[in-house]
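S.K.: I have a structure I would like to understand better, so I am pasting it below and will then ask my questions one at a time.
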Amino acid sequence: QKEVEQDPGPLSVPEGAIVSLNCTYSNSAFQYFMWYRQYSRKGPELLMYTYSSGNKEDGRFTAQVDKSSKYISLFIRDSQPSDSATYLCAMSEYSGGGADGLTFGKGTHLIIQP
Amino acid sequence: DSGVTQTPKHLITATGQRVTLRCSPRSGDLSVYWYQQSLDQGLQFLIQYYNGEERAKGNILERFSAQQFPDLHSELNLSSLELGDSALYFCASSVAPSGSEAFFGQGTRLTVV
């Protein structure tokens, strides 16, 4: 079983719709949760960062973390064609003063139809 | 613009060769991370440096090595290149060593022929 599972899509929705993107994970030690947006052949762009469980809102984006279910979500309201991209979830452990890299899902390809 | 600069943007080289990828982190960031992105494996963490010292290792091959210099820029050295090393290589930086809120550069696309 992979550490982080993410549906690769593609997910195609009409402009203005609410988009829901999700990841599940198996490592209960993950405490930092992030969503990145990646346009084709570009570097991942940090969208949302959340520590532990709860919700966080930033403009049209809302991130939710449910550590009891090992499930995280990203909601995009009033979706725009410019939101068309690959969305990657990423997670990190806190290793007691040590350091570690991010573990990424493989990304969901999102298409917003005008 | 994330503030992380990677050079070169593209690199084409032959099997068996050695290349060096360069990364300048955001101003003030002490942590530098290297990632490899391929179509089948997704983004894979390779190695992290924090303020000049190696802090964590991920799925980095023995043929690959990295270092971080006193001015905090970092280089990733890839040697004895194989066709399967063709991928996008990203550098990311962050203030904290925990790996959170990392900002990525635009990547170096390596093609091994």
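All residue names refer to the structure tokens as shown: chains lettered A, B, ... in order, residues numbered from 1 in each chain, ligands numbered from 1 in order.
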Please tabulate, as a tab-separated table, the residues of chain B that come within 8 Å of chain A, each with its closest pair of atoms and the distance in Å to one decimal, counting only C-alpha atoms and ordering rows by chain, then residue number upward.
M.R.:
```
residue	atom	partner	partner_atom	distance
B:Ser2	CA	A:Glu45	CA	7.7
B:Tyr33	CA	A:Gly101	CA	7.2
B:Gln41	CA	A:Lys106	CA	7.5
B:Gly42	CA	A:Lys106	CA	5.1
B:Leu43	CA	A:Phe104	CA	6.2
B:Gln44	CA	A:Thr103	CA	7.3
B:Phe45	CA	A:Gly101	CA	5.8
B:Ile47	CA	A:Gly101	CA	7.5
B:Gln48	CA	A:Gly101	CA	7.0
B:Arg55	CA	A:Ala99	CA	5.9
B:Ala56	CA	A:Asp100	CA	5.5
B:Lys57	CA	A:Asp100	CA	7.7
B:Gly58	CA	A:Gly101	CA	7.4
B:Phe90	CA	A:Gly43	CA	7.1
B:Pro97	CA	A:Ala99	CA	5.5
B:Ser98	CA	A:Ala99	CA	5.0
B:Gly99	CA	A:Gly101	CA	5.3
B:Ser100	CA	A:Tyr32	CA	6.5
B:Glu101	CA	A:Tyr49	CA	6.5
B:Ala102	CA	A:Leu46	CA	7.4
B:Phe103	CA	A:Leu46	CA	6.5
B:Phe104	CA	A:Gly43	CA	5.8
B:Gly105	CA	A:Gly43	CA	5.6
B:Gln106	CA	A:Gly43	CA	4.2
B:Gly107	CA	A:Gly43	CA	6.0
```
S.K.: Using DSSP on the backbone coordinates, identify the residues of stretch 4-113 of chain B assigned to strand (DSSP E); present them as an MDAnalysis selection string.
M.R.: chainID B and resid 5:7 10:13 19:24 31:38 42:50 53:57 64:68 74:78 87:94 103:104 108:112
S.K.: In Å to one decimal, how far is atom CA of B:Asp71 from atom CA of B:Tyr49?
M.R.: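 Separation between atom CA of B:Tyr49 and atom CA of B:Asp71: 12.6 Å.
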S.K.: Quick one: residues within 10 Å of stretch 27-30 of chain B, only C-alpha atoms counted, chain neighbours fewer than 4 positions away excluded, as a list in words?
M.R.: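 Everything that qualifies: Gly3, Val4, Tyr49, Tyr50, Asn51, Gly52, Gln68, Asp71, Leu72, His73, Ala92, Ser93, Ser94, Val95, Ala96, Pro97, Ala102 and Phe103 of chain B.
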S.K.: Using only C-alpha atoms, which protein or nucleic acid residues come within 7 Å of A:Phe75? Drop anything in the same chain fewer than 6 positions from it, and give the result as a list in words.
M.R.: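 So, after excluding close chain neighbours, the residues are Ile18, Val19, Ser20, Leu21, Phe61, Thr62 and Ala63 of chain A.
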S.K.: Could you dump the residues just selected with N, CA, C and O atoms as a PDB file, in the first residue's frame?
M.R.:
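Wrote result.pdb, looks like this:
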```
ATOM      1  N   ILE A  18     -18.174  23.699  -7.702  1.00  0.00           N
ATOM      2  CA  ILE A  18     -17.321  23.447  -6.538  1.00  0.00           C
ATOM      3  C   ILE A  18     -16.551  22.153  -6.802  1.00  0.00           C
ATOM      4  O   ILE A  18     -17.133  21.129  -7.143  1.00  0.00           O
ATOM      5  N   VAL A  19     -15.231  22.229  -6.631  1.00  0.00           N
ATOM      6  CA  VAL A  19     -14.371  21.076  -6.872  1.00  0.00           C
ATOM      7  C   VAL A  19     -13.928  20.496  -5.537  1.00  0.00           C
ATOM      8  O   VAL A  19     -13.580  21.241  -4.610  1.00  0.00           O
ATOM      9  N   SER A  20     -13.939  19.176  -5.449  1.00  0.00           N
ATOM     10  CA  SER A  20     -13.456  18.495  -4.252  1.00  0.00           C
ATOM     11  C   SER A  20     -12.327  17.554  -4.646  1.00  0.00           C
ATOM     12  O   SER A  20     -12.499  16.670  -5.491  1.00  0.00           O
ATOM     13  N   LEU A  21     -11.168  17.768  -4.063  1.00  0.00           N
ATOM     14  CA  LEU A  21     -10.002  16.920  -4.315  1.00  0.00           C
ATOM     15  C   LEU A  21      -9.603  16.260  -3.000  1.00  0.00           C
ATOM     16  O   LEU A  21      -9.670  16.897  -1.939  1.00  0.00           O
ATOM     17  N   PHE A  61     -10.308  28.789  -1.772  1.00  0.00           N
ATOM     18  CA  PHE A  61      -9.776  27.472  -1.396  1.00  0.00           C
ATOM     19  C   PHE A  61     -10.021  27.175   0.080  1.00  0.00           C
ATOM     20  O   PHE A  61      -9.833  28.038   0.937  1.00  0.00           O
ATOM     21  N   THR A  62     -10.444  25.926   0.352  1.00  0.00           N
ATOM     22  CA  THR A  62     -10.590  25.443   1.724  1.00  0.00           C
ATOM     23  C   THR A  62      -9.914  24.091   1.830  1.00  0.00           C
ATOM     24  O   THR A  62     -10.177  23.204   1.024  1.00  0.00           O
ATOM     25  N   ALA A  63      -9.048  23.957   2.826  1.00  0.00           N
ATOM     26  CA  ALA A  63      -8.395  22.679   3.088  1.00  0.00           C
ATOM     27  C   ALA A  63      -8.962  22.084   4.359  1.00  0.00           C
ATOM     28  O   ALA A  63      -9.192  22.789   5.344  1.00  0.00           O
TER      29      ALA A  63
END
```
S.K.: Looking at only C-alpha atoms, which of A:Arg60, A:Tyr87, A:Arg77, A:Lys70 is the one that sits closest to A:Val4?
M.R.: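 Checking each candidate against A:Val4, we get A:Lys70 as the closest.
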S.K.: Residues within 8 Å of B:Ala87, please, as a compact mmCIF listing (two decimals) with N, CA, C and O atoms, in the first residue's frame. Count only C-alpha atoms; anything in the same chain fewer than 2 positions from it doesn't count.
M.R.:
```txt
# COMPACT_ATOMS: atom_id res chain seq x y z
N GLN B 36 12.83 14.51 -7.33
CA GLN B 36 12.80 14.00 -8.70
C GLN B 36 11.34 13.74 -9.07
O GLN B 36 10.60 13.14 -8.28
N GLN B 37 10.93 14.17 -10.25
CA GLN B 37 9.56 13.91 -10.69
C GLN B 37 9.59 13.19 -12.03
O GLN B 37 10.09 13.70 -13.02
N SER B 38 9.07 11.98 -12.03
CA SER B 38 8.91 11.23 -13.26
C SER B 38 7.45 10.86 -13.40
O SER B 38 6.68 10.92 -12.45
N GLY B 84 16.93 5.89 -17.47
CA GLY B 84 15.89 6.01 -16.46
C GLY B 84 16.04 7.21 -15.55
O GLY B 84 15.14 7.50 -14.76
N ASP B 85 17.15 7.91 -15.64
CA ASP B 85 17.35 9.11 -14.83
C ASP B 85 16.69 10.32 -15.46
O ASP B 85 16.64 11.40 -14.85
N TYR B 89 13.87 17.57 -12.23
CA TYR B 89 14.50 17.66 -10.92
C TYR B 89 14.17 19.02 -10.34
O TYR B 89 14.46 20.06 -10.93
N ARG B 109 14.82 20.08 -16.45
CA ARG B 109 14.39 18.90 -17.19
C ARG B 109 15.62 18.21 -17.75
O ARG B 109 16.31 18.76 -18.60
N LEU B 110 15.90 17.02 -17.25
CA LEU B 110 17.06 16.24 -17.68
C LEU B 110 16.61 15.15 -18.64
O LEU B 110 15.73 14.36 -18.32
N THR B 111 17.24 15.12 -19.79
CA THR B 111 17.00 14.06 -20.77
C THR B 111 18.31 13.33 -21.01
O THR B 111 19.31 13.95 -21.41
```
S.K.: Could you jot down the atom CA of B:Arg63 to atom CA of B:Gln6 separation for me, Å, one decimal place?
M.R.: 20.7 Å
S.K.: Which neighbours of B:Arg18 fall inside 8 Å, counting only C-alpha atoms, when residues of the same chain fewer than 3 positions from it are skipped, and could you give them as a list in words?
M.R.: Asn77, Leu78, Ser79, Ser80 and Leu81 of chain B
S.K.: Please list as a list of chain:residue names every residue within 8 Å of A:Asn22, counting only C-alpha atoms and excluding residues in the same chain fewer than 6 positions away.
M.R.: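 With the cut-off at 8 Å, the set is A:Gln6, A:Asp7, A:Tyr71, A:Ile72, A:Ser73, A:Leu74.
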